[in-house]
Every structure is written in structure tokens, then in C-alpha cells.
$ cat input01.csv   # CSV, C-alpha atoms
chain,number,residue,atom,x,y,z
E,1,MET,CA,9.8,-28.0,-10.0
E,2,ARG,CA,13.0,-29.5,-8.6
E,3,ARG,CA,14.9,-27.9,-11.4
E,4,TYR,CA,13.5,-24.5,-10.5
E,5,LEU,CA,14.3,-24.9,-6.9
E,6,LEU,CA,17.9,-25.8,-7.9
E,7,LEU,CA,18.1,-22.6,-9.9
E,8,PHE,CA,16.9,-20.6,-6.8
E,9,LEU,CA,19.6,-22.2,-4.7
E,10,VAL,CA,22.1,-21.3,-7.4
E,11,LEU,CA,21.0,-17.7,-7.3
E,12,LEU,CA,21.2,-17.6,-3.6
E,13,PHE,CA,24.7,-19.1,-3.7
E,14,SER,CA,25.8,-16.5,-6.2
E,15,TYR,CA,24.7,-13.7,-3.8
E,16,ARG,CA,26.6,-15.3,-0.9
E,17,SER,CA,29.7,-15.5,-3.1
E,18,TYR,CA,29.2,-11.9,-4.1
E,19,GLY,CA,28.6,-10.8,-0.5
E,20,GLN,CA,32.0,-11.9,0.6
E,21,SER,CA,33.6,-9.0,-1.3
E,22,ASN,CA,31.0,-6.4,-0.5
E,23,PRO,CA,29.6,-4.8,2.7
E,24,VAL,CA,27.0,-7.1,4.3
E,25,LYS,CA,23.6,-5.5,4.7
E,26,LYS,CA,21.8,-6.5,7.9
E,27,TYR,CA,18.7,-8.5,7.1
E,28,GLN,CA,16.1,-7.3,9.6
E,29,THR,CA,12.5,-8.4,9.3
E,30,ILE,CA,9.1,-7.4,10.7
E,31,ASP,CA,6.3,-9.9,10.9
E,32,THR,CA,3.1,-8.2,12.1
E,33,LEU,CA,-0.7,-8.0,12.0
E,34,VAL,CA,-2.1,-4.5,11.3
E,35,ASP,CA,-5.6,-3.7,12.4
E,36,VAL,CA,-7.3,-1.7,9.6
E,37,GLY,CA,-10.9,-1.7,11.0
E,38,ASN,CA,-13.0,-4.9,11.0
E,39,TYR,CA,-10.1,-7.1,9.9
E,40,LYS,CA,-6.3,-7.4,10.2
E,41,LEU,CA,-3.7,-7.5,7.4
E,42,HIS,CA,-0.6,-9.6,7.9
E,43,PHE,CA,2.7,-8.0,6.8
E,44,TYR,CA,6.2,-9.5,6.4
E,45,ILE,CA,8.7,-6.7,5.8
E,46,VAL,CA,12.4,-6.5,5.3
E,47,LYS,CA,13.7,-3.3,6.7
E,48,GLY,CA,16.0,-1.1,4.6
E,49,HIS,CA,16.6,2.4,3.3
E,50,GLY,CA,15.3,4.0,0.1
E,51,THR,CA,12.2,3.8,-1.9
E,52,ALA,CA,10.2,0.9,-0.5
E,53,ILE,CA,9.1,-2.0,-2.8
E,54,LEU,CA,5.6,-3.4,-2.3
E,55,PHE,CA,4.9,-6.9,-3.6
E,56,GLU,CA,1.4,-8.0,-4.7
E,57,ALA,CA,0.9,-11.8,-4.9
E,58,GLY,CA,-1.4,-13.4,-7.5
E,59,GLY,CA,-4.9,-14.6,-7.0
E,60,GLY,CA,-4.9,-17.6,-4.6
E,61,ASP,CA,-1.4,-16.9,-3.3
E,62,ASP,CA,-0.2,-15.2,-0.1
E,63,ALA,CA,2.9,-13.3,0.8
E,64,SER,CA,5.0,-16.5,1.2
E,65,VAL,CA,5.2,-16.8,-2.6
E,66,TRP,CA,7.8,-14.1,-2.6
E,67,THR,CA,10.1,-15.6,0.1
E,68,GLU,CA,12.9,-16.8,-2.2
E,69,LEU,CA,13.1,-13.5,-4.0
E,70,LEU,CA,13.5,-11.2,-1.1
E,71,LYS,CA,17.1,-11.8,0.0
E,72,PRO,CA,18.6,-11.4,-3.5
E,73,ILE,CA,16.7,-8.2,-4.1
E,74,PHE,CA,17.6,-6.8,-0.6
E,75,GLU,CA,21.3,-7.7,-1.3
E,76,LEU,CA,21.2,-5.6,-4.4
E,77,THR,CA,19.1,-2.7,-3.3
E,78,GLY,CA,19.2,-2.5,0.5
E,79,THR,CA,15.8,-1.0,0.4
E,80,THR,CA,12.6,-1.9,2.3
E,81,LEU,CA,10.7,-4.8,0.9
E,82,ILE,CA,7.0,-5.1,1.8
E,83,THR,CA,4.9,-8.3,1.3
E,84,TYR,CA,1.5,-8.9,2.8
E,85,ASP,CA,-1.5,-11.3,2.7
E,86,ARG,CA,-4.6,-9.9,1.1
E,87,PRO,CA,-7.8,-10.1,3.1
E,88,GLY,CA,-8.7,-13.7,3.8
E,89,PHE,CA,-5.4,-15.1,2.6
E,90,GLY,CA,-2.5,-16.4,4.7
E,91,LYS,CA,-2.6,-14.9,8.2
E,92,SER,CA,-4.9,-12.0,7.2
E,93,THR,CA,-8.5,-11.9,8.3
E,94,ILE,CA,-11.4,-10.6,6.2
E,95,ASP,CA,-14.5,-8.4,6.7
E,96,THR,CA,-17.2,-10.5,5.2
E,97,ASN,CA,-19.5,-7.5,4.9
E,98,ARG,CA,-17.0,-5.2,3.2
E,99,HIS,CA,-14.8,-7.1,0.7
E,100,GLY,CA,-13.8,-6.8,-2.9
E,101,LEU,CA,-10.8,-5.1,-4.6
E,102,LEU,CA,-11.5,-1.5,-3.5
E,103,ASN,CA,-12.0,-2.4,0.1
E,104,GLY,CA,-8.8,-4.4,0.0
E,105,ILE,CA,-6.9,-1.4,-1.3
E,106,LEU,CA,-8.5,0.9,1.3
E,107,GLY,CA,-7.2,-1.5,4.0
E,108,LEU,CA,-3.8,-1.6,2.4
E,109,GLU,CA,-3.5,2.2,2.3
E,110,LYS,CA,-4.5,2.4,5.9
E,111,ALA,CA,-2.0,-0.3,6.9
E,112,LEU,CA,0.9,1.4,5.0
E,113,HIS,CA,0.0,4.7,6.7
E,114,LEU,CA,0.1,3.0,10.1
E,115,LEU,CA,3.4,1.3,9.3
E,116,GLY,CA,4.9,4.5,8.0
E,117,TYR,CA,5.3,3.4,4.4
E,118,ASP,CA,2.7,5.5,2.7
E,119,LYS,CA,5.3,7.7,0.8
E,120,ASP,CA,7.1,6.9,-2.4
E,121,ILE,CA,6.8,3.3,-3.4
E,122,ILE,CA,7.6,0.8,-6.2
E,123,LEU,CA,5.1,-1.9,-7.1
E,124,VAL,CA,5.8,-5.5,-8.1
E,125,ALA,CA,2.7,-7.6,-8.9
E,126,HIS,CA,2.0,-11.1,-10.2
E,127,SER,CA,-1.1,-12.3,-12.0
E,128,GLN,CA,-4.3,-10.9,-10.4
E,129,GLY,CA,-2.1,-9.0,-8.1
E,130,ALA,CA,-1.8,-6.6,-11.0
E,131,PHE,CA,-5.4,-5.7,-10.4
E,132,SER,CA,-4.5,-4.5,-6.9
E,133,ALA,CA,-1.4,-2.7,-8.2
E,134,THR,CA,-3.4,-1.0,-10.9
E,135,VAL,CA,-6.1,0.3,-8.5
E,136,TYR,CA,-3.4,1.4,-6.0
E,137,ALA,CA,-1.4,3.2,-8.6
E,138,HIS,CA,-4.6,4.9,-10.0
E,139,ARG,CA,-5.4,6.2,-6.5
E,140,ASN,CA,-1.8,7.2,-5.7
E,141,PRO,CA,-0.2,8.3,-9.0
E,142,ASP,CA,2.3,10.6,-7.3
E,143,LYS,CA,3.5,8.0,-4.8
E,144,VAL,CA,4.1,5.2,-7.2
E,145,LYS,CA,7.5,5.7,-8.9
E,146,ALA,CA,7.6,2.5,-11.0
E,147,ALA,CA,6.1,-0.9,-11.4
E,148,VAL,CA,7.1,-4.4,-12.5
E,149,LEU,CA,4.1,-6.5,-13.6
E,150,ILE,CA,4.7,-10.2,-13.9
E,151,ASP,CA,2.3,-11.9,-16.3
E,152,GLY,CA,-0.3,-9.6,-14.8
E,153,SER,CA,-4.1,-10.0,-15.4
E,154,THR,CA,-5.7,-7.3,-17.5
E,155,SER,CA,-9.3,-6.2,-17.7
E,156,CYS,CA,-8.9,-6.4,-21.5
E,157,TRP,CA,-8.5,-10.2,-21.4
E,158,PHE,CA,-11.6,-10.6,-19.3
E,159,ASP,CA,-13.9,-8.5,-21.6
E,160,SER,CA,-15.3,-11.4,-23.7
E,161,ARG,CA,-14.9,-14.0,-20.9
E,162,LEU,CA,-16.2,-12.4,-17.8
E,163,SER,CA,-19.8,-13.7,-17.8
E,164,ALA,CA,-18.8,-17.3,-18.3
E,165,LEU,CA,-16.0,-17.1,-15.8
E,166,GLN,CA,-18.2,-15.5,-13.2
E,167,ARG,CA,-20.8,-18.3,-13.6
E,168,GLN,CA,-18.1,-20.9,-13.1
E,169,ASN,CA,-16.7,-19.0,-10.1
E,170,ASP,CA,-20.1,-18.9,-8.5
E,171,ILE,CA,-20.2,-22.7,-8.8
E,172,ASP,CA,-16.6,-23.3,-7.7
E,173,LYS,CA,-16.7,-21.0,-4.7
E,174,VAL,CA,-19.4,-23.0,-2.8
E,175,VAL,CA,-16.9,-25.7,-1.8
E,176,ILE,CA,-14.3,-23.3,-0.4
E,177,LYS,CA,-16.3,-20.9,1.7
E,178,THR,CA,-14.9,-22.0,5.0
E,179,SER,CA,-11.6,-23.4,4.0
E,180,LYS,CA,-10.4,-20.5,1.8
E,181,PRO,CA,-12.4,-17.4,2.6
E,182,GLY,CA,-10.2,-15.1,0.6
E,183,LEU,CA,-10.6,-17.1,-2.5
E,184,TYR,CA,-14.3,-17.5,-1.9
E,185,TYR,CA,-14.9,-13.7,-2.0
E,186,GLN,CA,-12.3,-13.2,-4.8
E,187,TYR,CA,-14.3,-15.6,-6.9
E,188,GLY,CA,-17.6,-13.9,-6.1
E,189,ASP,CA,-16.2,-10.4,-6.6
E,190,LEU,CA,-14.6,-11.1,-10.0
E,191,SER,CA,-17.1,-9.1,-12.1
E,192,ASN,CA,-17.0,-6.1,-9.8
E,193,ASN,CA,-13.2,-6.2,-9.5
E,194,VAL,CA,-12.7,-6.3,-13.3
E,195,LYS,CA,-15.2,-3.4,-13.6
E,196,LEU,CA,-13.1,-1.4,-11.1
E,197,VAL,CA,-9.9,-2.1,-12.9
E,198,ARG,CA,-11.4,-1.1,-16.2
E,199,GLU,CA,-12.5,2.2,-14.6
E,200,SER,CA,-9.1,2.8,-13.0
E,201,PRO,CA,-6.5,2.8,-15.8
E,202,PHE,CA,-2.9,2.5,-14.8
E,203,PRO,CA,-1.4,6.1,-14.8
E,204,ILE,CA,0.6,6.8,-17.9
E,205,ASN,CA,3.1,8.9,-15.9
E,206,ILE,CA,4.4,5.7,-14.1
E,207,PRO,CA,7.2,3.7,-15.9
E,208,VAL,CA,6.4,0.0,-16.1
E,209,ILE,CA,8.2,-3.1,-17.1
E,210,ASP,CA,5.5,-5.5,-18.2
E,211,PHE,CA,6.3,-9.2,-18.4
E,212,VAL,CA,4.3,-11.8,-20.3
E,213,SER,CA,5.1,-15.5,-20.0
E,214,GLY,CA,6.4,-17.4,-23.0
E,215,ARG,CA,3.9,-20.1,-22.0
E,216,PRO,CA,0.7,-18.3,-20.9
E,217,PRO,CA,-1.4,-20.3,-18.4
E,218,PHE,CA,-4.0,-21.6,-20.8
E,219,ASP,CA,-4.7,-24.7,-22.8
E,220,ASN,CA,-6.7,-22.8,-25.4
E,221,SER,CA,-4.6,-21.0,-28.0
E,222,ALA,CA,-7.2,-18.2,-28.4
E,223,ASP,CA,-6.9,-17.5,-24.7
E,224,ALA,CA,-3.1,-17.4,-24.9
E,225,ASP,CA,-3.1,-15.2,-27.9
E,226,ASP,CA,-5.6,-12.7,-26.4
E,227,TRP,CA,-3.5,-12.7,-23.2
E,228,ARG,CA,-0.4,-11.6,-25.2
E,229,ASN,CA,-2.4,-9.1,-27.3
E,230,CYS,CA,-3.8,-7.4,-24.2
E,231,HIS,CA,-0.3,-7.1,-22.8
E,232,GLU,CA,0.9,-5.6,-26.0
E,233,GLU,CA,-2.0,-3.1,-26.0
E,234,PHE,CA,-1.1,-2.1,-22.4
E,235,VAL,CA,2.5,-1.4,-23.3
E,236,ARG,CA,1.6,0.6,-26.4
E,237,ALA,CA,-0.6,2.9,-24.3
E,238,ALA,CA,2.5,4.8,-22.9
E,239,SER,CA,6.0,5.4,-24.1
E,240,ASN,CA,7.5,4.7,-20.7
E,241,ARG,CA,6.3,1.1,-20.7
E,242,LYS,CA,8.5,-1.7,-21.7
E,243,GLY,CA,7.1,-5.1,-22.7
E,244,ILE,CA,9.2,-8.2,-22.3
E,245,THR,CA,8.3,-11.8,-23.2
E,246,ALA,CA,9.8,-14.2,-20.7
E,247,TYR,CA,10.8,-17.1,-23.0
E,248,ASP,CA,10.6,-20.6,-21.8
E,249,CYS,CA,8.7,-19.5,-18.7
E,250,GLY,CA,5.3,-20.3,-17.4
E,251,HIS,CA,3.0,-18.1,-15.4
E,252,TYR,CA,5.3,-17.9,-12.4
E,253,ILE,CA,8.1,-16.2,-14.2
E,254,PHE,CA,9.8,-15.2,-11.0
E,255,ILE,CA,10.2,-18.9,-10.2
E,256,ASP,CA,11.1,-20.1,-13.7
E,257,ASN,CA,13.7,-17.3,-14.2
E,258,PRO,CA,14.3,-15.4,-10.9
E,259,ALA,CA,17.3,-13.5,-12.3
E,260,LEU,CA,15.2,-11.9,-14.9
E,261,ILE,CA,12.8,-10.5,-12.3
E,262,VAL,CA,15.5,-9.6,-9.8
E,263,ASN,CA,17.4,-7.6,-12.4
E,264,SER,CA,14.3,-5.8,-13.6
E,265,ILE,CA,13.4,-4.8,-10.1
E,266,ALA,CA,16.9,-3.5,-9.5
E,267,LYS,CA,16.7,-1.5,-12.8
E,268,VAL,CA,13.5,0.4,-11.8
E,269,TYR,CA,14.8,0.9,-8.3
E,270,ALA,CA,18.1,2.3,-9.7
E,271,ALA,CA,16.1,5.1,-11.4
E,272,THR,CA,15.1,6.4,-7.9
E,273,LEU,CA,18.7,6.9,-6.9
E,274,GLU,CA,21.3,9.6,-7.2
E,275,ALA,CA,24.2,9.1,-9.6
E,276,LYS,CA,26.7,7.7,-7.1
E,277,SER,CA,24.3,5.3,-5.4
E,278,LYS,CA,23.0,4.2,-8.8
E,279,MET,CA,26.5,3.3,-10.0
E,280,ILE,CA,27.1,1.2,-6.8
E,281,LEU,CA,23.8,-0.6,-7.4
E,282,LEU,CA,24.5,-1.3,-11.1
E,283,ASP,CA,28.0,-2.5,-10.2
E,284,ASN,CA,26.4,-4.9,-7.6
E,285,ALA,CA,24.0,-6.1,-10.3
E,286,LEU,CA,26.8,-6.7,-12.7
E,287,ASN,CA,28.8,-8.8,-10.2
E,288,TYR,CA,25.6,-10.7,-9.3
E,289,ASN,CA,24.9,-11.5,-13.0
E,290,ILE,CA,28.5,-12.7,-13.6
E,291,ASN,CA,28.0,-15.2,-10.7
E,292,ALA,CA,24.4,-16.1,-11.4
E,293,THR,CA,24.8,-16.6,-15.2
E,294,ASN,CA,27.7,-19.0,-14.7
E,295,GLN,CA,26.1,-20.9,-11.9
E,296,ILE,CA,22.8,-21.2,-13.8
E,297,LYS,CA,24.6,-22.7,-16.8
E,298,LYS,CA,26.3,-25.2,-14.5
E,299,ALA,CA,22.9,-26.1,-13.0
E,300,GLU,CA,21.4,-26.5,-16.5
E,301,ALA,CA,24.3,-28.8,-17.5
E,302,VAL,CA,23.6,-31.0,-14.5
E,303,SER,CA,19.8,-31.2,-15.0
E,304,ARG,CA,19.9,-31.6,-18.8
E,305,HIS,CA,20.1,-35.4,-18.6
E,306,SER,CA,18.4,-35.8,-15.2
E,307,GLU,CA,15.7,-38.4,-14.9
E,308,GLU,CA,13.1,-35.7,-14.3
E,309,TYR,CA,14.2,-33.6,-17.3
E,310,LEU,CA,14.1,-36.6,-19.7
E,311,ASN,CA,10.7,-37.6,-18.3
E,312,SER,CA,9.3,-34.2,-18.9
E,313,TRP,CA,10.9,-34.0,-22.3
E,314,GLY,CA,9.3,-37.3,-23.3
E,315,TYR,CA,5.8,-36.2,-22.2
E,316,SER,CA,6.3,-32.9,-24.1
E,317,LEU,CA,7.1,-34.9,-27.3
E,318,LEU,CA,4.1,-37.1,-26.8
E,319,LYS,CA,1.9,-34.0,-26.4
E,320,GLU,CA,3.3,-32.7,-29.7
E,321,GLY,CA,2.4,-36.0,-31.4
E,322,LYS,CA,6.1,-36.9,-31.9
E,323,ASN,CA,5.6,-40.5,-30.7
E,324,LYS,CA,8.8,-42.0,-32.1
E,325,GLU,CA,11.0,-39.4,-30.6
E,326,ALA,CA,9.1,-39.6,-27.3
E,327,LEU,CA,9.7,-43.4,-27.1
E,328,ALA,CA,13.4,-42.9,-27.7
E,329,VAL,CA,13.6,-40.5,-24.8
E,330,PHE,CA,11.6,-42.7,-22.4
E,331,LYS,CA,13.8,-45.7,-23.4
E,332,LEU,CA,16.9,-43.7,-22.8
E,333,ASN,CA,15.6,-42.8,-19.3
E,334,THR,CA,15.3,-46.4,-18.4
E,335,ILE,CA,18.8,-47.1,-19.6
E,336,LEU,CA,20.3,-44.2,-17.7
E,337,TYR,CA,18.2,-44.8,-14.6
E,338,PRO,CA,17.6,-48.6,-14.5
E,339,ASN,CA,16.5,-48.6,-10.9
E,340,SER,CA,13.8,-45.9,-11.4
E,341,SER,CA,10.3,-47.2,-11.1
E,342,ASN,CA,8.9,-44.0,-12.5
E,343,ALA,CA,11.1,-44.2,-15.6
E,344,PHE,CA,9.7,-47.6,-16.5
E,345,ASP,CA,6.1,-46.4,-15.6
E,346,SER,CA,6.4,-43.5,-18.0
E,347,TYR,CA,7.9,-45.7,-20.8
E,348,GLY,CA,5.0,-48.1,-20.3
E,349,ALA,CA,2.5,-45.2,-20.5
E,350,ALA,CA,4.0,-44.1,-23.8
E,351,LEU,CA,4.0,-47.6,-25.3
E,352,LEU,CA,0.4,-48.0,-24.3
E,353,LYS,CA,-0.5,-44.7,-25.9
E,354,ILE,CA,0.7,-45.9,-29.3
E,355,GLY,CA,-0.9,-49.4,-28.9
E,356,GLU,CA,2.2,-51.4,-28.0
E,357,LYS,CA,0.3,-53.3,-25.3
E,358,GLN,CA,2.7,-56.3,-24.7
E,359,GLU,CA,5.8,-54.1,-24.5
E,360,ALA,CA,3.8,-51.7,-22.1
E,361,ILE,CA,3.0,-54.7,-19.9
E,362,LYS,CA,6.7,-55.5,-19.6
E,363,MET,CA,7.6,-51.9,-18.6
E,364,TYR,CA,4.8,-51.8,-16.0
E,365,GLU,CA,5.9,-55.1,-14.6
E,366,ARG,CA,9.4,-53.8,-14.2
E,367,SER,CA,8.1,-50.6,-12.6
E,368,VAL,CA,6.1,-52.5,-10.0
E,369,GLU,CA,9.0,-54.8,-9.4
E,370,LEU,CA,11.1,-51.8,-8.5
E,371,ASN,CA,8.4,-50.2,-6.5
E,372,PRO,CA,5.9,-52.8,-5.0
E,373,LYS,CA,3.9,-50.0,-3.4
E,374,SER,CA,3.0,-48.5,-6.8
E,375,GLU,CA,-0.8,-48.8,-6.7
E,376,ASN,CA,-1.1,-47.0,-10.0
E,377,GLY,CA,1.2,-49.5,-11.7
E,378,LYS,CA,-0.6,-52.5,-10.2
E,379,LYS,CA,-4.0,-51.1,-11.3
E,380,ILE,CA,-2.9,-50.5,-14.9
E,381,LEU,CA,-1.3,-54.0,-15.0
E,382,GLN,CA,-4.5,-55.5,-13.8
E,383,GLN,CA,-6.5,-53.7,-16.5
E,384,LEU,CA,-4.0,-54.8,-19.2
E,385,MET,CA,-4.1,-58.4,-18.2
E,386,GLN,CA,-7.9,-58.6,-18.4
$ encode --input "input01.csv" --output "C-alpha cells"
Amino acid sequence: MRRYLLLFLVLLFSYRSYGQSNPVKKYQTIDTLVDVGNYKLHFYIVKGHGTAILFEAGGGDDASVWTELLKPIFELTGTTLITYDRPGFGKSTIDTNRHGLLNGILGLEKALHLLGYDKDIILVAHSQGAFSATVYAHRNPDKVKAAVLIDGSTSCWFDSRLSALQRQNDIDKVVIKTSKPGLYYQYGDLSNNVKLVRESPFPINIPVIDFVSGRPPFDNSADADDWRNCHEEFVRAASNRKGITAYDCGHYIFIDNPALIVNSIAKVYAATLEAKSKMILLDNALNYNINATNQIKKAEAVSRHSEEYLNSWGYSLLKEGKNKEALAVFKLNTILYPNSSNAFDSYGAALLKIGEKQEAIKMYERSVELNPKSENGKKILQQLMQ
């Protein structure tokens, strides 16, 4: 995660560097609650000019997940950026009698009307936020000018899994009723929500960039394969849909590779502009990419042999069954970072996995010596000594 935060900072730095030679757009925000009936929706809006962009967070997330992405996009486009918390998430309240996906979209439509943003709009959605984007687009096909879907959920993927997932959701939701009301009702409403999305196909007149992660969020290969296949099926359904695999990215593509998403949003926004404004935007994007690409390569060079990178690489090799290579990486980490308790702890874990108990004990002893507060290391040592 530290690596991804570093890349975010690099991107923000590249924008600041770019902004020194370009007119500075004033970054004005609105943070407000909008009463839509029996509940209130929380909105965080960056004010601009042009076709507004509405962001839909994934299931379990609120509007804050987009925070790091807003400034770069605003610097490129200068348009209005709208994020909000769905009912029961973040600062939004919820009507416990009228919930579910459709009621959430009805509340969103009312709020956008009250805020004055119920005209032309571009949708950006992540994960289950794609459900909301799909239903909104289905209900407002003339207002939605384009969409960027980021590893979005599809009703197709749920077809053979819905019954089992709903049963599990009904078990899981019990413990979060009071602490996470939005998630509680989202879990309970899953079957109805999927049914609604299935009956509300995404309009074929709306151009879409559809991203699928290179590493879908599943341990089961069949789940991952079906996830990719459903995205391919969605893209094939209309000629104005472009499918992109985000290589070396997990489910949160906009965190793993923010430049990829920023550029894609800029691309679909450019299509709403007149020729002169479009050329200015594309020139801005080119300048941004020159800076961002160079800075990202610099950051990658720094992180390539970092303790965290080597540690993650070692565990990846272990997972692939490449024990010999993994041990070499873990050992290298202890050499490069001799004062790191975690490096020795990981090396010990790897040795223990392949049955090298005595060597593992030595590594755990060194780890605890470097960090006497390591309760995990002490516990494992105690078990190994018995």
C-alpha cells in the first residue's frame, strides 16, 4: 500500500509541476447534506464548468475513496466533479423502510435536481457502484454522455452464484446492523438489486470504457475467469464500448494505476468539448503524462528493492511454490535491511514452511531481539521450542 501511496504523491507532484506553466484553476468545493425525503445524502462536490462527472463508489466504500483522484482530474478538465455517500454510508442517513438500489437512485436523482446537476453527466463507477451507474443510465439515457466503469460488478457474474451469496450475506449482515447500516441493507438487498440491474441493461447509445483488473478480487480461478468473461460479453454488446485489462492491478485499479483512470476520464470528457477546448485538454493531458510517466518510473526504481517490495515478492514466490527462489529473496532482505525485525520474521516463516526448523528459530530469535514487543514472534518461538 505504501508503494501505491507513493505513486499517488508522484502523480500529484506532476500536476503541481505542470500547473506552474498553465493557468491555475480555482479549486472550490461544496460539502453538504441534501434532504431527499426520509433521509439525507451527503455530497462532496468540486465546482467547475462543463459536463459534470458523477463518481459511484464500490460496495462498502463511501465518497472518500475518490479523494486522491479529484484534484488531478479537475486540473485536466476544470469541470464539476460530484461524489456522494450512498444511503447508510459515510455521512448519509438511510430510510430503513425504503431501501435498495432503486430507492437509492431515486434519492440520487432528486438530490442532483435540487443541487442543479440533473442535466448532462458523465459516470465513473467502481465495483458494485457499476450497479448504480447502470440503473441511473437506464433511467436517464439522454443525460448520460459517457461512462468509465472500473472493474464493475455485472449481473452476469452473479447469475450462478446469487443464491449462495445471498445466503451468506444474510448470515454476515446480522453482526453489522447497527455499526454499518448501509452495508447491512446492501447485503440483504443483493438479490433484488441484481434482478433490477438484469432488467435495466446499460443503454447501447452511451459510450463506455470498461476496465477489468489484471488480478480480479477472487481466490477461485473459475470466479476470476467468469468475471473477465462477463466484462467481455458486456463490451461485445455495443460497438462504442472499449474493454481494457488493467495489467498488474487489483480490484482498486484507480489506486494501483491512477494515471490510467485519470487519462480515461479525460478522454471521455474531451468528447463533450468543442474542437478548441478539446485541443487544450488533450495538450494538458500530454503534458501531464510526460511528467507522470517519468516520475512513476523514478518511484518504481526507488521501490524496486525496498524492504516492503522484497517482502511481498518473497511471499508471492512462496504462493507459487517457488520455495528456493523465495528463500533467496527473504535472505537478501535480511542482508539489505539487517535492522528490520519484519525481514527476519518473514525469512523465519519461509524457512518454517519448508521444514527448516532450526534455521527458522534463529531468524525468529533475531526478529524478537530487534523488536522485543513482537508478540507474534515470541509466540512462534515458544511453539518451536516445545
$ residues_around --input "input01.csv" --residues "Glu325 (chain E)" --least-positions-apart "5" --cutoff "10 Å" --atoms "all atoms listed in the file" --output "list in words"
Trp313, Gly314, Leu317, Leu318, Phe330 and Lys331 of chain E
$ residues_around --input "input01.csv" --residues "His126 (chain E)" --least-positions-apart "5" --cutoff "9 Å" --atoms "all atoms listed in the file" --output "ChimeraX atom specification"
/E:55-59,148-153,251-254
$ closest_atom_pairs --input "input01.csv" --of "region 119-203 of chain E" --to "region 83-99 of chain E" --cutoff "9 Å" --atoms "all atoms listed in the file" --output "Markdown table"
| residue | atom | partner | partner_atom | distance |
| --- | --- | --- | --- | --- |
| E:Lys180 | CA | E:Gly88 | CA | 7.3 |
| E:Pro181 | CA | E:Gly88 | CA | 5.4 |
| E:Gly182 | CA | E:Gly88 | CA | 3.8 |
| E:Leu183 | CA | E:Gly88 | CA | 7.4 |
| E:Tyr184 | CA | E:Gly88 | CA | 8.8 |
| E:Tyr185 | CA | E:His99 | CA | 7.1 |
| E:Gln186 | CA | E:His99 | CA | 8.6 |
| E:Asp189 | CA | E:His99 | CA | 8.1 |
$ write_last_selection --input "input01.csv" --atoms "C-alpha atoms" --output "PDB file, keeping the file's coordinate frame"
ATOM      1  CA  LYS E 180     -10.400 -20.500   1.800  1.00  0.00           C
ATOM      2  CA  PRO E 181     -12.400 -17.400   2.600  1.00  0.00           C
ATOM      3  CA  GLY E 182     -10.200 -15.100   0.600  1.00  0.00           C
ATOM      4  CA  LEU E 183     -10.600 -17.100  -2.500  1.00  0.00           C
ATOM      5  CA  TYR E 184     -14.300 -17.500  -1.900  1.00  0.00           C
ATOM      6  CA  TYR E 185     -14.900 -13.700  -2.000  1.00  0.00           C
ATOM      7  CA  GLN E 186     -12.300 -13.200  -4.800  1.00  0.00           C
ATOM      8  CA  ASP E 189     -16.200 -10.400  -6.600  1.00  0.00           C
TER       9      ASP E 189
END
$ residues_around --input "input01.csv" --residues "Lys362 (chain E)" --least-positions-apart "5" --cutoff "12 Å" --atoms "all atoms listed in the file" --output "number ranges by chain"
E: 344-345, 347-349, 351-352, 356-357, 367-369, 377, 380-381, 384-385
$ closest_residue --input "input01.csv" --among "E:His113, E:Ser179, E:Leu102, E:Asp226" --to "Trp157 (chain E)" --atoms "all atoms listed in the file"
E:Asp226
$ closest_residue --input "input01.csv" --among "E:Ala222, E:Ile261, E:Asp172, E:Pro141" --to "Asn205 (chain E)" --atoms "only C-alpha atoms"
E:Pro141
$ atom_distance --input "input01.csv" --atom1 "CA of Ala237 (chain E)" --atom2 "CA of Tyr269 (chain E)"
22.3 Å
$ closest_residue --input "input01.csv" --among "E:Leu54, E:Ile255, E:Leu190, E:Val212" --to "Ala224 (chain E)" --atoms "only C-alpha atoms"
E:Val212
$ atom_distance --input "input01.csv" --atom1 "CA of Phe211 (chain E)" --atom2 "CA of Ala146 (chain E)"
13.9 Å
$ closest_residue --input "input01.csv" --among "E:Leu273, E:Asn323, E:Ser163, E:Lys40" --to "Gly355 (chain E)" --atoms "only C-alpha atoms"
E:Asn323
$ atom_distance --input "input01.csv" --atom1 "CA of Lys110 (chain E)" --atom2 "CA of Val36 (chain E)"
6.2 Å
$ residues_near_point --input "input01.csv" --point "(-17.2, -15.5, -13.2)" --cutoff "12 Å" --atoms "all atoms listed in the file" --output "PyMOL selection string"
chain E and resi 158-173+184-194
$ closest_residue --input "input01.csv" --among "E:Ser374, E:Asn103, E:Thr154, E:Ser312" --to "Gln128 (chain E)" --atoms "all atoms listed in the file"
E:Thr154
$ closest_residue --input "input01.csv" --among "E:Leu108, E:Val208, E:Ala52, E:Leu70" --to "Asp120 (chain E)" --atoms "all atoms listed in the file"
E:Ala52
$ residues_around --input "input01.csv" --residues "Gly78 (chain E)" --least-positions-apart "3" --cutoff "10 Å" --atoms "all atoms listed in the file" --output "list in words"
Val24, Lys25, Lys26, Tyr27, Val46, Lys47, Gly48, His49, Gly50, Thr51, Ala52, Lys71, Pro72, Ile73, Phe74, Glu75, Leu81 and Leu281 of chain E
